[in-house]
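Just upload.pdb here, PDB, C-alpha atoms:
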```pdb
ATOM      1  CA  MET V  13       0.000   0.000   0.000
ATOM      2  CA  THR V  14       1.321   3.458  -0.881
ATOM      3  CA  ASP V  15       1.652   6.297   1.595
ATOM      4  CA  MET V  16      -0.378   9.484   1.541
ATOM      5  CA  GLN V  17       1.804  12.418   0.536
ATOM      6  CA  TYR V  18       1.578  15.873  -0.949
ATOM      7  CA  HIS V  19       1.600  16.032  -4.735
ATOM      8  CA  THR V  20       2.272  19.217  -6.672
ATOM      9  CA  LEU V  21       0.460  19.051 -10.001
ATOM     10  CA  SER V  22       1.320  21.410 -12.852
ATOM     11  CA  ILE V  23      -1.649  21.563 -15.215
ATOM     12  CA  LEU V  24      -1.509  23.408 -18.534
ATOM     13  CA  VAL V  25      -5.000  24.419 -19.648
ATOM     14  CA  GLU V  26      -6.569  26.490 -22.379
ATOM     15  CA  ASN V  27      -7.003  30.049 -21.121
ATOM     16  CA  ASN V  28     -10.831  29.963 -21.168
ATOM     17  CA  SER V  29     -13.423  31.046 -18.632
ATOM     18  CA  GLY V  30     -14.810  28.249 -16.471
ATOM     19  CA  VAL V  31     -11.746  25.991 -16.639
ATOM     20  CA  LEU V  32     -10.793  26.656 -13.016
ATOM     21  CA  THR V  33     -14.320  25.765 -11.892
ATOM     22  CA  ARG V  34     -14.307  22.486 -13.825
ATOM     23  CA  VAL V  35     -10.890  21.465 -12.486
ATOM     24  CA  ALA V  36     -11.797  22.364  -8.875
ATOM     25  CA  ALA V  37     -15.116  20.492  -9.226
ATOM     26  CA  LEU V  38     -13.241  17.380 -10.335
ATOM     27  CA  PHE V  39     -11.248  17.400  -7.086
ATOM     28  CA  ALA V  40     -14.388  18.114  -5.036
ATOM     29  CA  ARG V  41     -16.298  15.225  -6.634
ATOM     30  CA  ARG V  42     -13.497  12.867  -5.671
ATOM     31  CA  GLY V  43     -13.542  14.205  -2.101
ATOM     32  CA  TYR V  44     -10.075  15.756  -2.183
ATOM     33  CA  ASN V  45      -9.283  19.076  -0.623
ATOM     34  CA  ILE V  46      -6.966  21.332  -2.608
ATOM     35  CA  ASP V  47      -4.229  22.445  -0.193
ATOM     36  CA  SER V  48      -2.829  25.108  -2.504
ATOM     37  CA  LEU V  49      -3.926  26.549  -5.830
ATOM     38  CA  ALA V  50      -2.268  29.116  -8.069
ATOM     39  CA  VAL V  51      -3.340  29.996 -11.597
ATOM     40  CA  GLY V  52      -1.780  32.349 -14.113
ATOM     41  CA  MET V  53      -0.934  32.862 -17.753
ATOM     42  CA  THR V  54       2.153  31.239 -19.236
ATOM     43  CA  GLU V  55       4.549  32.426 -21.919
ATOM     44  CA  ASP V  56       1.676  31.632 -24.337
ATOM     45  CA  PRO V  57      -1.308  33.956 -23.684
ATOM     46  CA  ASP V  58      -3.705  31.200 -24.824
ATOM     47  CA  VAL V  59      -2.455  28.835 -22.094
ATOM     48  CA  SER V  60      -2.691  29.078 -18.302
ATOM     49  CA  ARG V  61      -0.781  27.062 -15.722
ATOM     50  CA  MET V  62      -2.570  25.759 -12.669
ATOM     51  CA  THR V  63      -0.356  24.581  -9.830
ATOM     52  CA  ILE V  64      -2.358  22.467  -7.407
ATOM     53  CA  VAL V  65      -1.085  20.852  -4.223
ATOM     54  CA  VAL V  66      -3.206  17.934  -3.048
ATOM     55  CA  HIS V  67      -2.733  15.229  -0.426
ATOM     56  CA  GLY V  68      -3.247  11.635  -1.527
ATOM     57  CA  ASP V  69      -1.612   8.346  -2.363
ATOM     58  CA  ASP V  70      -0.024   7.640  -5.748
ATOM     59  CA  ALA V  71      -2.932   5.515  -7.022
ATOM     60  CA  VAL V  72      -5.524   8.188  -6.272
ATOM     61  CA  ILE V  73      -3.410  10.951  -7.819
ATOM     62  CA  GLU V  74      -2.956   8.805 -10.920
ATOM     63  CA  GLN V  75      -6.757   8.490 -11.193
ATOM     64  CA  VAL V  76      -7.180  12.258 -10.710
ATOM     65  CA  ILE V  77      -4.670  12.888 -13.514
ATOM     66  CA  LYS V  78      -6.586  10.526 -15.816
ATOM     67  CA  GLN V  79      -9.812  12.379 -14.988
ATOM     68  CA  LEU V  80      -8.133  15.747 -15.636
ATOM     69  CA  TYR V  81      -7.150  14.603 -19.133
ATOM     70  CA  LYS V  82     -10.849  13.954 -19.847
ATOM     71  CA  LEU V  83     -11.512  17.689 -19.509
ATOM     72  CA  ILE V  84     -11.292  19.104 -23.017
ATOM     73  CA  GLU V  85      -9.365  22.240 -21.968
ATOM     74  CA  VAL V  86      -6.572  20.296 -20.228
ATOM     75  CA  ILE V  87      -3.438  20.239 -22.379
ATOM     76  CA  LYS V  88      -0.910  18.547 -20.079
ATOM     77  CA  VAL V  89      -0.634  17.382 -16.466
ATOM     78  CA  VAL V  90       2.680  16.754 -14.708
ATOM     79  CA  ASP V  91       3.072  15.544 -11.130
ATOM     80  CA  LEU V  92       6.074  17.709 -10.250
ATOM     81  CA  SER V  93       6.537  15.652  -7.078
ATOM     82  CA  LYS V  94       7.778  12.766  -9.240
ATOM     83  CA  GLU V  95      10.565  14.898 -10.754
ATOM     84  CA  GLU V  96      13.185  17.392  -9.612
ATOM     85  CA  TYR V  97      11.469  20.773  -9.409
ATOM     86  CA  VAL V  98      11.627  24.200  -7.846
ATOM     87  CA  ASP V  99       8.714  25.908  -6.167
ATOM     88  CA  ARG V 100       7.978  29.200  -4.470
ATOM     89  CA  GLU V 101       5.223  30.888  -2.574
ATOM     90  CA  LEU V 102       4.595  34.570  -1.849
ATOM     91  CA  ALA V 103       3.234  36.036   1.360
ATOM     92  CA  LEU V 104       2.269  39.531   2.436
ATOM     93  CA  ILE V 105       2.254  39.962   6.206
ATOM     94  CA  LYS V 106       0.937  43.048   7.980
ATOM     95  CA  VAL V 107       2.478  43.109  11.437
ATOM     96  CA  ALA V 108       1.862  45.481  14.331
ATOM     97  CA  THR V 109       4.826  47.677  15.206
ATOM     98  CA  THR V 110       5.829  50.130  17.855
ATOM     99  CA  SER V 111       8.910  52.290  18.090
ATOM    100  CA  GLU V 112      10.309  49.653  20.462
ATOM    101  CA  THR V 113       9.649  46.631  18.188
ATOM    102  CA  ARG V 114      10.398  48.127  14.762
ATOM    103  CA  ALA V 115      14.163  47.407  14.852
ATOM    104  CA  GLU V 116      13.640  43.782  15.925
ATOM    105  CA  ILE V 117      11.078  43.228  13.166
ATOM    106  CA  LEU V 118      13.449  44.769  10.590
ATOM    107  CA  GLN V 119      16.172  42.396  11.762
ATOM    108  CA  ILE V 120      13.876  39.394  11.181
ATOM    109  CA  VAL V 121      12.966  40.765   7.736
ATOM    110  CA  GLU V 122      16.660  41.075   6.854
ATOM    111  CA  ILE V 123      17.516  37.553   8.072
ATOM    112  CA  PHE V 124      14.785  36.076   5.852
ATOM    113  CA  ARG V 125      15.712  38.302   2.878
ATOM    114  CA  ALA V 126      12.186  39.661   2.873
ATOM    115  CA  LYS V 127      11.162  43.234   1.987
ATOM    116  CA  VAL V 128       9.228  45.903   3.778
ATOM    117  CA  ILE V 129       6.768  47.235   1.187
ATOM    118  CA  ASP V 130       4.678  49.545   3.368
ATOM    119  CA  VAL V 131       5.162  51.299   6.685
ATOM    120  CA  GLY V 132       2.379  52.877   8.701
ATOM    121  CA  SER V 133       2.422  54.569  12.078
ATOM    122  CA  ASN V 134       1.755  51.273  13.864
ATOM    123  CA  THR V 135       2.031  48.588  11.159
ATOM    124  CA  MET V 136       4.463  47.286   8.586
ATOM    125  CA  VAL V 137       3.694  45.167   5.504
ATOM    126  CA  ILE V 138       6.326  42.570   4.685
ATOM    127  CA  GLU V 139       6.709  40.705   1.383
ATOM    128  CA  ILE V 140       8.475  37.350   1.379
ATOM    129  CA  THR V 141       8.991  34.691  -1.250
ATOM    130  CA  GLY V 142      10.375  31.219  -0.801
ATOM    131  CA  GLY V 143       9.459  27.688   0.065
ATOM    132  CA  SER V 144       6.482  26.977   2.303
ATOM    133  CA  GLU V 145       8.766  26.239   5.260
ATOM    134  CA  LYS V 146      10.476  29.643   4.964
ATOM    135  CA  ILE V 147       7.122  31.441   4.836
ATOM    136  CA  SER V 148       5.868  29.503   7.859
ATOM    137  CA  ALA V 149       9.082  30.210   9.774
ATOM    138  CA  ILE V 150       8.907  34.003   9.388
ATOM    139  CA  GLU V 151       5.196  33.921  10.157
ATOM    140  CA  LYS V 152       5.936  32.081  13.418
ATOM    141  CA  LEU V 153       8.604  34.644  14.396
ATOM    142  CA  LEU V 154       6.355  37.624  13.596
ATOM    143  CA  ARG V 155       3.264  36.238  15.349
ATOM    144  CA  PRO V 156       4.291  37.465  18.851
ATOM    145  CA  PHE V 157       4.384  41.061  17.522
ATOM    146  CA  GLY V 158       0.790  40.731  16.319
ATOM    147  CA  ILE V 159      -0.022  39.759  12.761
ATOM    148  CA  LYS V 160      -2.884  42.005  11.661
ATOM    149  CA  GLU V 161      -3.372  40.444   8.211
ATOM    150  CA  LEU V 162      -1.763  37.653   6.219
ATOM    151  CA  ALA V 163      -2.136  36.679   2.554
ATOM    152  CA  ARG V 164      -0.308  33.662   1.111
ATOM    153  CA  THR V 165      -0.370  32.667  -2.515
ATOM    154  CA  GLY V 166      -0.534  29.089  -3.581
ATOM    155  CA  LYS V 167       2.647  27.312  -4.514
ATOM    156  CA  VAL V 168       3.974  27.703  -8.068
ATOM    157  CA  GLY V 169       6.560  25.341  -9.501
ATOM    158  CA  LEU V 170       8.549  24.343 -12.555
ATOM    159  CA  LEU V 171      10.650  21.318 -13.427
ATOM    160  CA  ARG V 172      14.399  21.812 -13.007
ATOM    161  CA  GLY V 173      16.855  21.887 -15.887
ATOM    162  CA  SER V 174      15.978  21.445 -19.540
ATOM    163  CA  LYS V 175      12.803  19.450 -18.882
ATOM    164  CA  ASP V 176       9.585  21.406 -19.227
ATOM    165  CA  THR V 177       5.866  20.907 -18.902
ATOM    166  CA  ALA V 178       5.105  22.634 -22.196
ATOM    167  CA  LYS V 179       2.944  21.072 -24.883
TER     168      LYS V 179
END
```

Output the structure of this file as structure tokens.
Amino acid sequence: MTDMQYHTLSILVENNSGVLTRVAALFARRGYNIDSLAVGMTEDPDVSRMTIVVHGDDAVIEQVIKQLYKLIEVIKVVDLSKEEYVDRELALIKVATTSETRAEILQIVEIFRAKVIDVGSNTMVIEITGGSEKISAIEKLLRPFGIKELARTGKVGLLRGSKDTAK
């Protein structure tokens, strides 16, 4: 029996309205929660890339991939988890600041190679990109200062090297 694990699927689809709904509905019908979802145009304006992270065993993911290919707008599906790949996530974190805590927060931002993109009288908005673990780590360190708002994108990923997920 195979173990449940996270799979990062890169799905190239025709850039048409309703495709996201049909793909999400496929996962919902099978009873699988999407842990992360990011969608955007590719180098070809007629094609979008969906990066979906889902938890399941290999057999179930294989069935999901077969079902995805039955959707007319799906061009290609690659389970990045089966290959060498790079991935990133973006987060914007609005943290409470005071004159006493500002320097300590800036030090954390510098250590994580993040950026301060907005400063208010009692808040600071921080932008950070990296792997999920990096985002979670800075979030944990900033939480004691008081996170006012947090927005995380879904994971995006590409195969390493000369391999690609293109048509």

Which residues of stretch 18-105 of chain V have any atom within 7 Å of an atom in stretch 164-169 of chain V when counting only C-alpha atoms, and what is the closest pair of atoms for each, with the distance in Å to one decimal? Order the rows by chain and rising number and write it as a Markdown table.
```
| residue | atom | partner | partner_atom | distance |
| --- | --- | --- | --- | --- |
| V:Ser48 | CA | V:Gly166 | CA | 4.7 |
| V:Leu49 | CA | V:Gly166 | CA | 4.8 |
| V:Ala50 | CA | V:Gly166 | CA | 4.8 |
| V:Thr63 | CA | V:Val168 | CA | 5.6 |
| V:Tyr97 | CA | V:Gly169 | CA | 6.7 |
| V:Val98 | CA | V:Gly169 | CA | 5.5 |
| V:Asp99 | CA | V:Gly169 | CA | 4.0 |
| V:Arg100 | CA | V:Val168 | CA | 5.6 |
| V:Glu101 | CA | V:Lys167 | CA | 4.8 |
| V:Leu102 | CA | V:Thr165 | CA | 5.4 |
| V:Ala103 | CA | V:Arg164 | CA | 4.3 |
| V:Leu104 | CA | V:Arg164 | CA | 6.5 |
```

#### Entry: Matched chain/residue IDs from the PyMOL selection byres ((chain V and resi 135) around 12), as a VMD selection string
chain V and resid 105 to 111 113 to 114 117 128 to 134 136 to 138 157 to 161

Writer output for current selection, C-alpha atoms, as a PDB file, in the frame of the given file:
```pdb
ATOM      1  CA  ILE V 105       2.254  39.962   6.206  1.00  0.00           C
ATOM      2  CA  LYS V 106       0.937  43.048   7.980  1.00  0.00           C
ATOM      3  CA  VAL V 107       2.478  43.109  11.437  1.00  0.00           C
ATOM      4  CA  ALA V 108       1.862  45.481  14.331  1.00  0.00           C
ATOM      5  CA  THR V 109       4.826  47.677  15.206  1.00  0.00           C
ATOM      6  CA  THR V 110       5.829  50.130  17.855  1.00  0.00           C
ATOM      7  CA  SER V 111       8.910  52.290  18.090  1.00  0.00           C
ATOM      8  CA  THR V 113       9.649  46.631  18.188  1.00  0.00           C
ATOM      9  CA  ARG V 114      10.398  48.127  14.762  1.00  0.00           C
ATOM     10  CA  ILE V 117      11.078  43.228  13.166  1.00  0.00           C
ATOM     11  CA  VAL V 128       9.228  45.903   3.778  1.00  0.00           C
ATOM     12  CA  ILE V 129       6.768  47.235   1.187  1.00  0.00           C
ATOM     13  CA  ASP V 130       4.678  49.545   3.368  1.00  0.00           C
ATOM     14  CA  VAL V 131       5.162  51.299   6.685  1.00  0.00           C
ATOM     15  CA  GLY V 132       2.379  52.877   8.701  1.00  0.00           C
ATOM     16  CA  SER V 133       2.422  54.569  12.078  1.00  0.00           C
ATOM     17  CA  ASN V 134       1.755  51.273  13.864  1.00  0.00           C
ATOM     18  CA  MET V 136       4.463  47.286   8.586  1.00  0.00           C
ATOM     19  CA  VAL V 137       3.694  45.167   5.504  1.00  0.00           C
ATOM     20  CA  ILE V 138       6.326  42.570   4.685  1.00  0.00           C
ATOM     21  CA  PHE V 157       4.384  41.061  17.522  1.00  0.00           C
ATOM     22  CA  GLY V 158       0.790  40.731  16.319  1.00  0.00           C
ATOM     23  CA  ILE V 159      -0.022  39.759  12.761  1.00  0.00           C
ATOM     24  CA  LYS V 160      -2.884  42.005  11.661  1.00  0.00           C
ATOM     25  CA  GLU V 161      -3.372  40.444   8.211  1.00  0.00           C
TER      26      GLU V 161
END
```

### Query
the PyMOL selection byres ((chain V and resi 31-38) around 10) on the file shown: which residues, as a VMD selection string?
chain V and resid 23 25 to 30 39 to 46 49 51 60 62 64 76 79 to 80 83 to 86

As AutoDock Vina command-line options, please report the centre and edge lengths, rounded to one decimal in Å, of the axis-aligned box that holds all listed atoms of stretch 136-141 of chain V with 6 Å of padding on each of the six sides.
```
--center_x 6.3 --center_y 41.0 --center_z 3.7 --size_x 17.3 --size_y 24.6 --size_z 21.8
```

#### Entry: Two-atom distance - atom CA of V:Glu95, atom CA of V:Tyr18 (Å)
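Those two atoms sit 13.3 Å apart.
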
### Query
How would you write as a ChimeraX atom specification the residues that get within 9 Å of (7.1, 36.6, 8.0) in the file's frame, counting only C-alpha atoms?
/V:103-107,120-121,124,126,138-140,146-155

### Query
What is the atom CA of V:Gly143-atom CA of V:Val90 distance in Å, reported with one decimal?
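These atoms are spaced 19.6 Å apart.
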
### Task
Tell me which of V:Val65, V:Leu162, V:Leu21, V:Thr54 sits closest to V:Ile77, counting only C-alpha atoms.
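Result for the nearest residue to V:Ile77: V:Leu21.
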
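Taking atom CA of V:Ile87 as the reference point, atom CA of V:Arg61 is found at 9.9 Å.
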
### Nearest to V:Gly68, chosen from V:Gln17, V:Glu112, V:Asp47, V:Asp56, with only C-alpha atoms counted in the distances
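Under the stated criterion, the closest residue is V:Gln17.
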
### Task
Rank V:Glu116, V:Asp15, V:Asp91, V:Asp58 by their smallest atom-to-atom distance to V:Ile73, using only C-alpha atoms, and report the top residue only.
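The answer is V:Asp91, which sits nearest to V:Ile73.
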
### Query
Taking into account only C-alpha atoms, which residue in the set V:Thr20, V:Glu122, V:Lys127, V:Glu145 is nearest to V:Val66?
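So, comparing all the options, the nearest one is V:Thr20.
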